[in-house]
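Listing of work.txt, compact mmCIF, C-alpha atoms and all ligand atoms
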# COMPACT_ATOMS: atom_id res chain seq x y z
CA MET Z 1 0.00 0.00 0.00
CA HIS Z 2 2.73 2.36 1.06
CA LYS Z 3 4.70 1.61 -2.08
CA TYR Z 4 1.60 2.14 -4.18
CA LEU Z 5 0.96 5.57 -2.65
CA LEU Z 6 4.52 6.61 -3.28
CA LEU Z 7 4.25 5.50 -6.87
CA ARG Z 8 1.02 7.36 -7.25
CA ALA Z 9 2.50 10.53 -5.81
CA ALA Z 10 5.40 10.25 -8.22
CA LEU Z 11 3.00 9.78 -11.11
CA VAL Z 12 0.89 12.78 -10.16
CA ALA Z 13 4.02 14.88 -9.80
CA ALA Z 14 5.20 13.74 -13.21
CA MET Z 15 1.86 14.60 -14.76
CA GLY Z 16 1.87 18.01 -13.08
CA LEU Z 17 5.28 18.61 -14.56
CA ALA Z 18 4.02 17.57 -17.95
CA VAL Z 19 1.20 20.11 -17.76
CA THR Z 20 3.54 22.97 -16.82
CA HIS Z 21 5.85 21.86 -19.53
CA SER Z 22 3.08 21.98 -22.11
CA ASN Z 23 1.91 25.42 -21.00
CA ALA Z 24 5.42 26.65 -21.50
CA GLN Z 25 5.30 25.32 -25.04
CA ASP Z 26 2.01 26.81 -26.15
CA ASN Z 27 3.51 27.93 -29.41
CA LYS Z 28 4.14 24.30 -30.35
CA PHE Z 29 1.91 21.92 -32.24
CA LYS Z 30 2.91 18.30 -31.78
CA ILE Z 31 2.09 15.37 -34.04
CA GLY Z 32 2.75 11.93 -32.58
CA LEU Z 33 3.44 9.69 -35.57
CA ILE Z 34 3.29 6.01 -34.54
CA LEU Z 35 4.45 3.56 -37.21
CA PRO Z 36 6.02 0.14 -37.67
CA MET Z 37 9.63 1.14 -38.42
CA THR Z 38 11.03 -2.37 -37.87
CA GLY Z 39 9.67 -5.88 -38.45
CA GLN Z 40 7.33 -7.25 -41.09
CA GLN Z 41 5.57 -3.92 -41.79
CA ALA Z 42 8.72 -1.77 -41.79
CA SER Z 43 8.22 -0.63 -45.39
CA THR Z 44 4.95 1.01 -44.32
CA GLY Z 45 6.74 2.99 -41.62
CA ARG Z 46 9.51 4.03 -43.99
CA GLN Z 47 7.02 5.18 -46.65
CA VAL Z 48 4.67 7.08 -44.34
CA GLU Z 49 7.46 8.82 -42.43
CA ALA Z 50 9.23 9.86 -45.63
CA ALA Z 51 5.99 11.29 -47.01
CA ALA Z 52 5.20 13.17 -43.79
CA ARG Z 53 8.68 14.70 -43.78
CA LEU Z 54 8.35 15.65 -47.46
CA TYR Z 55 5.05 17.39 -46.76
CA MET Z 56 6.67 19.39 -43.96
CA ALA Z 57 9.70 20.26 -46.09
CA GLN Z 58 7.40 21.55 -48.83
CA ASN Z 59 4.97 23.42 -46.58
CA GLY Z 60 7.12 24.72 -43.76
CA ASP Z 61 6.85 24.01 -40.07
CA THR Z 62 5.24 27.20 -38.80
CA ILE Z 63 1.48 27.04 -39.34
CA GLY Z 64 -1.21 29.25 -37.81
CA GLY Z 65 1.44 30.77 -35.56
CA LYS Z 66 2.51 27.38 -34.19
CA LYS Z 67 5.72 25.49 -34.66
CA VAL Z 68 4.90 22.00 -35.90
CA GLU Z 69 6.90 19.18 -34.35
CA LEU Z 70 6.81 15.59 -35.61
CA ILE Z 71 7.54 12.92 -32.99
CA VAL Z 72 8.07 9.52 -34.65
CA LYS Z 73 7.72 6.31 -32.61
CA ASP Z 74 8.27 2.71 -33.70
CA ASP Z 75 5.50 0.36 -32.55
CA THR Z 76 7.05 -2.68 -34.33
CA SER Z 77 3.42 -3.36 -35.40
CA ILE Z 78 2.54 -4.78 -31.96
CA PRO Z 79 -0.86 -3.31 -30.95
CA ASP Z 80 -0.07 -3.21 -27.20
CA VAL Z 81 3.05 -1.20 -27.99
CA THR Z 82 1.08 1.17 -30.23
CA LYS Z 83 -1.37 1.81 -27.42
CA ARG Z 84 1.34 2.37 -24.82
CA LEU Z 85 3.21 4.77 -27.08
CA ALA Z 86 0.00 6.69 -27.77
CA GLN Z 87 -0.67 6.96 -24.04
CA GLU Z 88 2.83 8.31 -23.42
CA LEU Z 89 2.58 10.76 -26.29
CA VAL Z 90 -0.73 12.11 -24.99
CA VAL Z 91 0.20 12.26 -21.30
CA ASN Z 92 3.88 13.21 -21.42
CA GLU Z 93 4.29 15.01 -24.73
CA LYS Z 94 0.78 16.49 -24.84
CA VAL Z 95 0.59 15.81 -28.56
CA ASN Z 96 -2.19 17.61 -30.41
CA VAL Z 97 -2.71 14.78 -32.91
CA LEU Z 98 -1.99 11.08 -33.06
CA ALA Z 99 -1.19 9.79 -36.55
CA GLY Z 100 0.22 6.88 -38.55
CA PHE Z 101 -1.05 3.35 -37.68
CA GLY Z 102 0.43 0.77 -40.03
CA ILE Z 103 -1.98 -2.06 -39.31
CA THR Z 104 -5.60 -2.39 -38.24
CA PRO Z 105 -4.99 -3.97 -34.79
CA SER Z 106 -2.74 -1.01 -33.87
CA ALA Z 107 -5.40 1.53 -34.86
CA LEU Z 108 -8.14 -0.35 -33.01
CA ALA Z 109 -6.02 -0.74 -29.84
CA THR Z 110 -5.40 3.03 -29.76
CA ALA Z 111 -8.95 4.21 -30.50
CA PRO Z 112 -9.99 4.42 -26.79
CA ILE Z 113 -7.03 6.73 -26.06
CA ALA Z 114 -8.21 9.14 -28.76
CA THR Z 115 -11.74 9.11 -27.34
CA GLN Z 116 -10.72 9.52 -23.69
CA SER Z 117 -8.24 12.32 -24.35
CA LYS Z 118 -10.28 13.98 -27.17
CA THR Z 119 -7.24 13.78 -29.43
CA PRO Z 120 -7.82 13.52 -33.19
CA LEU Z 121 -6.29 10.31 -34.56
CA VAL Z 122 -5.41 10.32 -38.26
CA VAL Z 123 -5.19 6.81 -39.73
CA MET Z 124 -2.72 7.10 -42.62
CA ALA Z 125 -2.25 3.41 -43.45
CA ALA Z 126 -4.62 0.86 -41.86
CA ALA Z 127 -7.65 0.02 -43.98
CA THR Z 128 -10.29 -2.15 -42.29
CA SER Z 129 -13.69 -0.53 -42.79
CA SER Z 130 -14.72 -0.52 -39.12
CA ILE Z 131 -11.72 1.49 -37.82
CA THR Z 132 -13.43 4.88 -38.16
CA GLN Z 133 -16.31 3.58 -36.04
CA ALA Z 134 -13.98 2.69 -33.15
CA SER Z 135 -13.74 6.35 -32.04
CA PRO Z 136 -15.46 9.62 -33.04
CA TYR Z 137 -11.96 11.17 -33.05
CA ILE Z 138 -10.66 8.98 -35.91
CA VAL Z 139 -10.19 10.42 -39.41
CA ARG Z 140 -8.79 8.28 -42.25
CA THR Z 141 -6.63 9.29 -45.21
CA SER Z 142 -5.69 5.80 -46.50
CA PHE Z 143 -8.48 3.70 -48.02
CA THR Z 144 -10.78 0.82 -47.12
CA LEU Z 145 -10.55 -2.73 -48.43
CA PRO Z 146 -14.27 -2.79 -49.34
CA GLN Z 147 -13.67 0.28 -51.59
CA ALA Z 148 -11.01 -1.55 -53.55
CA ALA Z 149 -12.44 -5.11 -53.46
CA VAL Z 150 -15.91 -4.25 -54.76
CA SER Z 151 -14.45 -2.53 -57.84
CA MET Z 152 -12.48 -5.67 -58.69
CA ALA Z 153 -15.59 -7.85 -58.19
CA ASP Z 154 -17.38 -5.69 -60.79
CA TRP Z 155 -14.52 -5.76 -63.27
CA ALA Z 156 -13.56 -9.46 -63.18
CA PRO Z 157 -16.78 -11.14 -64.39
CA LYS Z 158 -16.99 -8.70 -67.32
CA ASN Z 159 -13.51 -9.78 -68.32
CA GLY Z 160 -13.80 -13.54 -68.61
CA ILE Z 161 -13.22 -14.38 -64.95
CA LYS Z 162 -16.13 -16.53 -63.80
CA LYS Z 163 -14.58 -18.88 -61.24
CA VAL Z 164 -12.35 -17.55 -58.48
CA VAL Z 165 -10.52 -18.73 -55.37
CA THR Z 166 -9.85 -16.05 -52.76
CA LEU Z 167 -6.71 -15.95 -50.61
CA VAL Z 168 -6.47 -13.32 -47.86
CA SER Z 169 -4.48 -12.50 -44.75
CA ASP Z 170 -6.49 -13.73 -41.80
CA TYR Z 171 -7.29 -10.46 -40.01
CA GLY Z 172 -9.39 -7.30 -40.39
CA PRO Z 173 -8.48 -6.02 -43.87
CA GLY Z 174 -8.26 -9.54 -45.34
CA LEU Z 175 -11.66 -10.49 -43.96
CA ASP Z 176 -13.11 -7.23 -45.37
CA ALA Z 177 -11.52 -7.90 -48.77
CA GLU Z 178 -12.86 -11.47 -48.84
CA LYS Z 179 -16.38 -10.56 -47.70
CA PHE Z 180 -16.89 -7.64 -50.05
CA PHE Z 181 -15.23 -9.27 -53.04
CA VAL Z 182 -17.18 -12.55 -52.66
CA GLU Z 183 -20.54 -10.88 -52.03
CA ARG Z 184 -20.32 -8.65 -55.09
CA PHE Z 185 -18.72 -11.31 -57.32
CA LEU Z 186 -21.55 -13.78 -56.55
CA PHE Z 187 -24.12 -11.03 -57.11
CA ASN Z 188 -22.53 -10.46 -60.52
CA GLY Z 189 -22.97 -14.15 -61.41
CA GLY Z 190 -19.47 -15.34 -60.53
CA GLN Z 191 -18.55 -18.50 -58.69
CA VAL Z 192 -16.19 -18.78 -55.70
CA SER Z 193 -14.78 -22.31 -55.33
CA GLU Z 194 -12.96 -21.71 -52.09
CA SER Z 195 -11.96 -18.94 -49.67
CA LEU Z 196 -8.52 -19.45 -48.13
CA ARG Z 197 -7.02 -17.48 -45.23
CA VAL Z 198 -3.32 -17.31 -44.40
CA PRO Z 199 -1.86 -16.19 -41.06
CA MET Z 200 -1.00 -12.50 -40.93
CA ARG Z 201 2.41 -13.05 -39.29
CA ASN Z 202 5.10 -15.03 -41.16
CA PRO Z 203 2.77 -16.55 -43.72
CA ASP Z 204 3.82 -19.56 -45.81
CA PHE Z 205 1.88 -19.27 -49.05
CA ALA Z 206 3.12 -22.56 -50.57
CA PRO Z 207 0.47 -25.01 -49.29
CA PHE Z 208 -2.32 -22.56 -50.11
CA LEU Z 209 -1.06 -21.98 -53.64
CA GLN Z 210 -0.78 -25.72 -54.21
CA LYS Z 211 -4.44 -26.03 -53.29
CA VAL Z 212 -5.34 -23.21 -55.69
CA ARG Z 213 -3.47 -24.99 -58.47
CA ASP Z 214 -5.51 -28.12 -57.88
CA LEU Z 215 -8.79 -26.17 -57.87
CA LYS Z 216 -7.89 -24.53 -61.23
CA PRO Z 217 -10.01 -21.37 -61.02
CA ASP Z 218 -9.95 -18.68 -63.74
CA ALA Z 219 -8.29 -16.39 -61.23
CA LEU Z 220 -6.90 -16.17 -57.72
CA PHE Z 221 -8.08 -13.05 -55.86
CA VAL Z 222 -5.47 -11.99 -53.28
CA PHE Z 223 -5.23 -9.57 -50.39
CA VAL Z 224 -1.99 -9.44 -48.42
CA PRO Z 225 -0.78 -6.37 -46.52
CA SER Z 226 1.77 -4.02 -48.07
CA GLY Z 227 5.18 -5.67 -47.95
CA ALA Z 228 3.98 -9.25 -48.51
CA GLY Z 229 3.07 -8.96 -52.21
CA ALA Z 230 6.48 -9.88 -53.61
CA ALA Z 231 6.47 -13.22 -51.74
CA VAL Z 232 3.04 -14.09 -53.14
CA MET Z 233 4.07 -13.14 -56.66
CA LYS Z 234 7.29 -15.15 -56.46
CA GLN Z 235 5.59 -18.33 -55.30
CA PHE Z 236 2.69 -17.87 -57.73
CA LEU Z 237 5.16 -17.76 -60.61
CA GLU Z 238 7.44 -20.50 -59.24
CA ARG Z 239 4.49 -22.86 -59.17
CA GLY Z 240 3.68 -22.02 -62.79
CA MET Z 241 0.16 -20.94 -61.88
CA ASP Z 242 0.11 -18.37 -64.69
CA LYS Z 243 1.16 -21.03 -67.19
CA ALA Z 244 -1.64 -23.27 -65.85
CA GLY Z 245 -4.06 -20.53 -66.95
CA ILE Z 246 -4.76 -19.06 -63.50
CA LYS Z 247 -4.76 -15.27 -63.41
CA LEU Z 248 -3.70 -13.30 -60.37
CA ILE Z 249 -6.07 -10.47 -59.38
CA GLY Z 250 -6.48 -8.52 -56.17
CA THR Z 251 -6.51 -5.18 -54.46
CA GLY Z 252 -3.42 -3.11 -55.27
CA ASP Z 253 -1.70 -4.12 -52.03
CA VAL Z 254 -0.28 -7.16 -53.84
CA THR Z 255 1.42 -5.10 -56.58
CA ASP Z 256 2.65 -2.56 -54.03
CA ASP Z 257 4.79 0.17 -55.67
CA ASP Z 258 7.36 -0.31 -52.90
CA GLN Z 259 8.18 -3.77 -54.34
CA LEU Z 260 6.66 -3.94 -57.82
CA ASN Z 261 9.72 -3.02 -59.83
CA ASP Z 262 11.66 -5.90 -58.25
CA MET Z 263 9.00 -8.52 -58.98
CA GLY Z 264 10.23 -9.15 -62.51
CA ASP Z 265 8.43 -9.51 -65.82
CA GLY Z 266 6.28 -12.34 -64.45
CA ALA Z 267 4.16 -9.60 -62.87
CA LEU Z 268 3.32 -8.08 -66.27
CA GLY Z 269 -0.40 -8.08 -67.00
CA VAL Z 270 -1.59 -8.49 -63.39
CA VAL Z 271 -4.77 -6.45 -62.89
CA THR Z 272 -5.60 -4.93 -59.50
CA SER Z 273 -7.95 -2.27 -58.11
CA HIS Z 274 -6.70 0.49 -55.83
CA HIS Z 275 -6.76 4.19 -54.97
CA TYR Z 276 -3.14 5.03 -55.77
CA SER Z 277 -0.48 4.24 -58.33
CA ALA Z 278 2.88 5.98 -58.60
CA ALA Z 279 2.05 6.11 -62.31
CA HIS Z 280 -1.17 8.11 -61.77
CA PRO Z 281 -1.05 10.52 -64.70
CA SER Z 282 -1.56 13.93 -63.11
CA ALA Z 283 0.79 16.90 -62.86
CA LEU Z 284 0.43 16.92 -59.08
CA ASN Z 285 1.37 13.24 -58.82
CA LYS Z 286 4.40 13.62 -61.08
CA LYS Z 287 5.60 16.42 -58.83
CA PHE Z 288 4.96 14.31 -55.73
CA VAL Z 289 6.76 11.23 -57.09
CA ASP Z 290 9.76 13.27 -58.29
CA ALA Z 291 10.14 15.12 -54.99
CA PHE Z 292 9.68 11.92 -52.96
CA GLN Z 293 12.31 10.06 -54.99
CA LYS Z 294 14.73 12.96 -54.81
CA ALA Z 295 14.44 13.12 -51.03
CA ASN Z 296 14.68 9.33 -50.54
CA LYS Z 297 17.50 7.96 -52.73
CA GLY Z 298 15.16 7.02 -55.57
CA LEU Z 299 12.60 5.17 -53.43
CA ARG Z 300 9.27 5.03 -55.25
CA PRO Z 301 6.30 6.19 -53.14
CA ASN Z 302 3.53 3.63 -52.63
CA PHE Z 303 -0.08 3.92 -51.44
CA MET Z 304 1.13 4.12 -47.83
CA ALA Z 305 3.20 7.20 -48.68
CA VAL Z 306 0.23 8.97 -50.23
CA GLY Z 307 -1.83 8.22 -47.10
CA GLY Z 308 0.87 9.87 -44.99
CA TYR Z 309 1.25 12.86 -47.30
CA ASP Z 310 -2.49 13.53 -47.42
CA GLY Z 311 -2.79 12.92 -43.70
CA MET Z 312 -0.31 15.74 -43.09
CA ARG Z 313 -2.31 17.94 -45.45
CA VAL Z 314 -5.49 17.29 -43.44
CA ILE Z 315 -3.66 18.10 -40.19
CA TYR Z 316 -1.98 21.25 -41.57
CA GLU Z 317 -5.21 22.65 -43.01
CA ALA Z 318 -7.06 21.96 -39.75
CA LEU Z 319 -4.31 23.77 -37.84
CA LYS Z 320 -4.48 26.71 -40.25
CA ALA Z 321 -8.27 26.94 -39.86
CA THR Z 322 -8.21 26.82 -36.05
CA LYS Z 323 -4.85 28.49 -35.40
CA GLY Z 324 -4.43 25.80 -32.78
CA GLN Z 325 -7.31 27.21 -30.69
CA GLY Z 326 -10.19 25.15 -29.27
CA GLY Z 327 -8.31 21.90 -28.61
CA GLY Z 328 -8.94 18.49 -30.14
CA ASP Z 329 -12.62 19.07 -30.86
CA ALA Z 330 -11.99 22.18 -32.96
CA LEU Z 331 -9.17 20.48 -34.79
CA LEU Z 332 -11.34 17.44 -35.52
CA ALA Z 333 -14.18 19.63 -36.82
CA ALA Z 334 -11.74 21.34 -39.21
CA MET Z 335 -10.58 17.95 -40.54
CA LYS Z 336 -14.10 16.85 -41.41
CA GLY Z 337 -15.29 17.75 -44.88
CA GLN Z 338 -11.89 18.66 -46.33
CA ILE Z 339 -11.87 18.32 -50.10
CA PHE Z 340 -8.73 18.58 -52.19
CA GLU Z 341 -6.62 17.21 -54.99
CA SER Z 342 -4.26 14.49 -53.78
CA PRO Z 343 -1.49 12.83 -55.79
CA ARG Z 344 -4.01 9.94 -56.01
CA GLY Z 345 -6.70 12.18 -57.58
CA PRO Z 346 -9.68 13.98 -56.00
CA MET Z 347 -10.20 13.21 -52.33
CA PHE Z 348 -12.82 14.08 -49.74
CA ILE Z 349 -13.07 13.46 -45.98
CA ASP Z 350 -16.75 12.66 -45.48
CA ALA Z 351 -17.87 14.70 -42.43
CA GLN Z 352 -20.40 12.03 -41.41
CA THR Z 353 -18.15 8.98 -41.52
CA ARG Z 354 -14.72 10.74 -41.18
CA ASP Z 355 -13.62 8.31 -43.86
CA VAL Z 356 -12.10 8.98 -47.26
CA VAL Z 357 -14.17 9.19 -50.44
CA GLN Z 358 -12.00 8.73 -53.51
CA ASN Z 359 -11.61 7.25 -56.98
CA ILE Z 360 -10.74 3.59 -57.33
CA TYR Z 361 -8.71 2.72 -60.42
CA LEU Z 362 -8.31 -0.52 -62.33
CA ARG Z 363 -4.66 -0.94 -63.20
CA LYS Z 364 -2.55 -3.36 -65.16
CA VAL Z 365 1.14 -4.00 -64.54
CA GLN Z 366 3.00 -2.68 -67.58
CA LYS Z 367 6.44 -1.47 -68.47
CA GLN Z 368 7.02 2.27 -68.75
CA ASP Z 369 10.53 3.58 -69.35
CA GLY Z 370 11.88 0.12 -68.56
CA GLN Z 371 10.20 -0.08 -65.15
CA LEU Z 372 7.14 -1.96 -63.90
CA TYR Z 373 4.17 0.20 -62.97
CA ASN Z 374 0.50 -0.20 -62.15
CA VAL Z 375 -0.90 1.60 -65.19
CA GLU Z 376 -4.44 2.87 -64.66
CA PHE Z 377 -6.97 2.02 -67.40
CA ASP Z 378 -10.36 2.63 -65.79
CA THR Z 379 -11.73 4.87 -63.03
CA ILE Z 380 -14.65 4.33 -60.67
CA LYS Z 381 -15.36 7.83 -59.42
CA ASP Z 382 -15.93 9.04 -55.86
CA VAL Z 383 -16.24 5.67 -54.13
CA LYS Z 384 -17.52 5.79 -50.54
CA ASP Z 385 -16.63 2.95 -48.22
CA PRO Z 386 -19.23 0.25 -49.01
CA GLY Z 387 -18.64 -1.09 -45.49
CA LYS Z 388 -20.47 1.93 -44.04
CA ASN Z 389 -23.83 0.94 -45.53
CA LYS Z 390 -24.02 -2.32 -43.65
C1 LIG S 1 -4.20 -3.04 -42.28
O1 LIG S 1 -3.69 -3.72 -41.36
O2 LIG S 1 -5.24 -2.39 -42.09
C2 LIG S 1 -3.55 -3.00 -43.60
C3 LIG S 1 -2.17 -3.15 -43.71
C4 LIG S 1 -1.58 -3.15 -44.98
C5 LIG S 1 -2.37 -2.96 -46.11
C6 LIG S 1 -3.74 -2.79 -46.00
C7 LIG S 1 -4.33 -2.80 -44.75
O3 LIG S 1 -1.80 -2.98 -47.32
Rewrite the structure from the file as structure tokens, please.
Amino acid sequence: MHKYLLLRAALVAAMGLAVTHSNAQDNKFKIGLILPMTGQQASTGRQVEAAARLYMAQNGDTIGGKKVELIVKDDTSIPDVTKRLAQELVVNEKVNVLAGFGITPSALATAPIATQSKTPLVVMAAATSSITQASPYIVRTSFTLPQAAVSMADWAPKNGIKKVVTLVSDYGPGLDAEKFFVERFLFNGGQVSESLRVPMRNPDFAPFLQKVRDLKPDALFVFVPSGAGAAVMKQFLERGMDKAGIKLIGTGDVTDDDQLNDMGDGALGVVTSHHYSAAHPSALNKKFVDAFQKANKGLRPNFMAVGGYDGMRVIYEALKATKGQGGGDALLAAMKGQIFESPRGPMFIDAQTRDVVQNIYLRKVQKQDGQLYNVEFDTIKDVKDPGKNK
């Protein structure tokens, strides 16, 4: 008991200090950027951080009279760590915004902290539909799997793909991709022979792909999180699935721009649906890609980078509008309803759902200037998250 009281006293003192500290820093605006910088999802952390830093370099760090400070933390994509880091950032650093979130379980674990502390939480990467419903303080600038999957389920049956096997990572975004793809594909007269789920951590795709080969569908529909696509592609080709007449389709996570150019010519012709391609043909995107590559030793930005870049835009504009006055609630209100041109195309933060409304593109892997790109060939305009109508 005695020990406990002492501890408590120390904690209260520390918190008191933190408050004084923050008052002394009223001219600061702090963004706590929590990302997986190491481990399986490290490419997501690298991409989002690089994009956030690029946005700051291009737009300055004094906004609405406040000095913007980015505090980057590595959660190693372990949800308990994400939550603990968020707690520390809110209590000790008094951050004005929480941002980042490489995977769905990390975003969901942190949602209660945003609610309790009234801190806006900008999801720049994770993409399970339900995330924005986990806290009224969550705003999303990435995408949702239902957005991307439904567009593929409309395209495939019109293009000779009648029988499909689905293969997804066995957690939030994979289950969303499977559900929304299968539902719409069946509605469109397609047939799903089997739905396979692979573990999210350290997946071994071999036994699953063998099964797909035996089932001989017209196509294999895949969702794996950013960073895992190259392994799927390699094993798909090694098993000669393409030569056996099985097409690979999926959401654009599988032909991730972070890895695509290293996948080799076997990836040519793969069709996916997604909200962003580094090859998106707009002046704004060309400028974004060039600046990103220049600042990052030639690294090509992927869809995670664009989520980070646009997330910073949403935060900056909200800070400009509020001049940092009115706390988290004012900031959140100024994030809702933002509409702007992103490197991905037109983008809108729906004030009701706090989720992103955006174009979904159908893309085919092709060579441009000797490099592999997801080349867009069709656009489904202004897609809202279909998961929100359920
Ligand atoms: C997620 O965990 O929500 C997630 C991660 C990587 C992706 C998509 C979704 O590519």
Each chain Z residue no farther than 6 Å from ligand LIG 1 (chain S), nearest pair in Å, only C-alpha atoms and all ligand atoms, as CSV:
residue,atom,partner,partner_atom,distance
Z:Gly102,CA,S:LIG1,C3,6.0
Z:Ile103,CA,S:LIG1,O1,3.1
Z:Thr104,CA,S:LIG1,O2,3.9
Z:Ala126,CA,S:LIG1,O2,3.3
Z:Ala127,CA,S:LIG1,O2,3.9
Z:Thr128,CA,S:LIG1,O2,5.1
Z:Pro173,CA,S:LIG1,O2,5.2
Z:Pro225,CA,S:LIG1,O3,3.6
Z:Ser226,CA,S:LIG1,O3,3.8
Z:Asp253,CA,S:LIG1,O3,4.8
* Show which residues sit within 7 Å of region 59-75 of chain Z, as an MDAnalysis selection string. Count all atoms listed in the file, and ignore same-chain residues fewer than 4 positions away. => chainID Z and resid 27:37 55 81:82 319:320 323:324
Residues as selected, C-alpha atoms, written as a compact mmCIF listing (two decimals), keeping the file's coordinate frame, can you do that?
# COMPACT_ATOMS: atom_id res chain seq x y z
CA ASN Z 27 3.51 27.93 -29.41
CA LYS Z 28 4.14 24.30 -30.35
CA PHE Z 29 1.91 21.92 -32.24
CA LYS Z 30 2.91 18.30 -31.78
CA ILE Z 31 2.09 15.37 -34.04
CA GLY Z 32 2.75 11.93 -32.58
CA LEU Z 33 3.44 9.69 -35.57
CA ILE Z 34 3.29 6.01 -34.54
CA LEU Z 35 4.45 3.56 -37.21
CA PRO Z 36 6.02 0.14 -37.67
CA MET Z 37 9.63 1.14 -38.42
CA TYR Z 55 5.05 17.39 -46.76
CA VAL Z 81 3.05 -1.20 -27.99
CA THR Z 82 1.08 1.17 -30.23
CA LEU Z 319 -4.31 23.77 -37.84
CA LYS Z 320 -4.48 26.71 -40.25
CA LYS Z 323 -4.85 28.49 -35.40
CA GLY Z 324 -4.43 25.80 -32.78
As a check of understanding: the span from CA of Ala148 (chain Z) to CA of Gln358 (chain Z) is 10.3 Å
For the interface of region 76-109 of chain Z with region 327-331 of chain Z (cut-off 12 Å, counting all atoms listed in the file), please tabulate each contacting residue of region 76-109 of chain Z alongside its nearest pair of atoms and their separation in Å to one decimal, rows sorted by chain and increasing number, as CSV.
residue,atom,partner,partner_atom,distance
Z:Val90,CA,Z:Gly328,CA,11.6
Z:Lys94,CA,Z:Gly327,CA,11.2
Z:Val95,CA,Z:Gly328,CA,10.0
Z:Asn96,CA,Z:Gly328,CA,6.8
Z:Val97,CA,Z:Gly328,CA,7.8
Z:Leu98,CA,Z:Gly328,CA,10.6
Near-region 229-232 of chain Z list (9 Å; all atoms listed in the file; drop same-chain fewer than 4 positions) as a short mmCIF file (atom, residue, chain, number, x, y, z; two decimals) with C-alpha atoms, keeping the file's coordinate frame:
data_model
loop_
_atom_site.label_atom_id
_atom_site.label_comp_id
_atom_site.auth_asym_id
_atom_site.auth_seq_id
_atom_site.Cartn_x
_atom_site.Cartn_y
_atom_site.Cartn_z
CA PHE Z 205 1.88 -19.27 -49.05
CA ALA Z 206 3.12 -22.56 -50.57
CA LEU Z 209 -1.06 -21.98 -53.64
CA VAL Z 222 -5.47 -11.99 -53.28
CA PHE Z 223 -5.23 -9.57 -50.39
CA VAL Z 224 -1.99 -9.44 -48.42
CA PRO Z 225 -0.78 -6.37 -46.52
CA PHE Z 236 2.69 -17.87 -57.73
CA LEU Z 237 5.16 -17.76 -60.61
CA ASP Z 253 -1.70 -4.12 -52.03
CA VAL Z 254 -0.28 -7.16 -53.84
CA THR Z 255 1.42 -5.10 -56.58
CA ASP Z 256 2.65 -2.56 -54.03
CA GLN Z 259 8.18 -3.77 -54.34
CA LEU Z 260 6.66 -3.94 -57.82
CA ASP Z 262 11.66 -5.90 -58.25
CA MET Z 263 9.00 -8.52 -58.98
#
Of Z:Gln40, Z:Gln235, Z:Ser282, Z:Ser135, the one sitting nearest Glu341 (chain Z) when using all atoms listed in the file is Z:Ser282
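CA of Asn359 (chain Z) to CA of Asp154 (chain Z) spans 14.7 Å [interatomic distance, one decimal].
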If you count all atoms listed in the file, the residue of Z:Lys364, Z:Lys247, Z:Lys286, Z:Lys83 closest to Lys163 (chain Z) turns out to be Z:Lys247
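Distance annotation: of Z:Lys294, Z:Lys179, Z:Arg213, Z:Lys287, the residue with the minimal separation from Ser129 (chain Z) is Z:Lys179; atom set is only C-alpha atoms.
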CA of Lys243 (chain Z) and CA of Val150 (chain Z), how far apart in Å?
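Value for the CA of Val150 (chain Z)-CA of Lys243 (chain Z) distance: 27.0 Å.
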Draw an axis-aligned box tight on the listed atoms of region 341-346 of chain Z, then pad every side by 6 Å and write out centre and edge lengths in Å to one decimal as AutoDock Vina command-line options.
--center_x -5.6 --center_y 13.6 --center_z -55.7 --size_x 20.2 --size_y 19.3 --size_z 15.8
Open item on the list: Here's a test: counting all atoms listed in the file, identify every protein, DNA and RNA residue with an atom at most 12 Å from (1.9, 15.7, -58.8) in the file's coordinate frame, and state them as a list in words.
Closed with: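 Residues lying no farther than 12 Å from the given point: Ser277, Ala278, Ala279, His280, Pro281, Ser282, Ala283, Leu284, Asn285, Lys286, Lys287, Phe288, Val289, Asp290, Ala291, Phe292, Pro301, Val306, Tyr309, Glu341, Ser342, Pro343, Arg344 and Gly345 of chain Z.
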For Lys388 (chain Z), find every residue with an atom within 10 Å (counting all atoms listed in the file), except residues of its own chain fewer than 6 positions away, and show them as a ChimeraX atom specification. /Z:129-130,132-133,146,353,355
If you count only C-alpha atoms, the residue of Z:Gln210, Z:Gln293, Z:Gln191, Z:Ser142 closest to Tyr276 (chain Z) turns out to be Z:Ser142
Q. Nearest to Met335 (chain Z): which of Z:Leu186, Z:Ile380, Z:Val168, Z:Val139 is it, counting only C-alpha atoms?
A.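 Once distances to Met335 (chain Z) are computed over only C-alpha atoms, the minimum belongs to Z:Val139.
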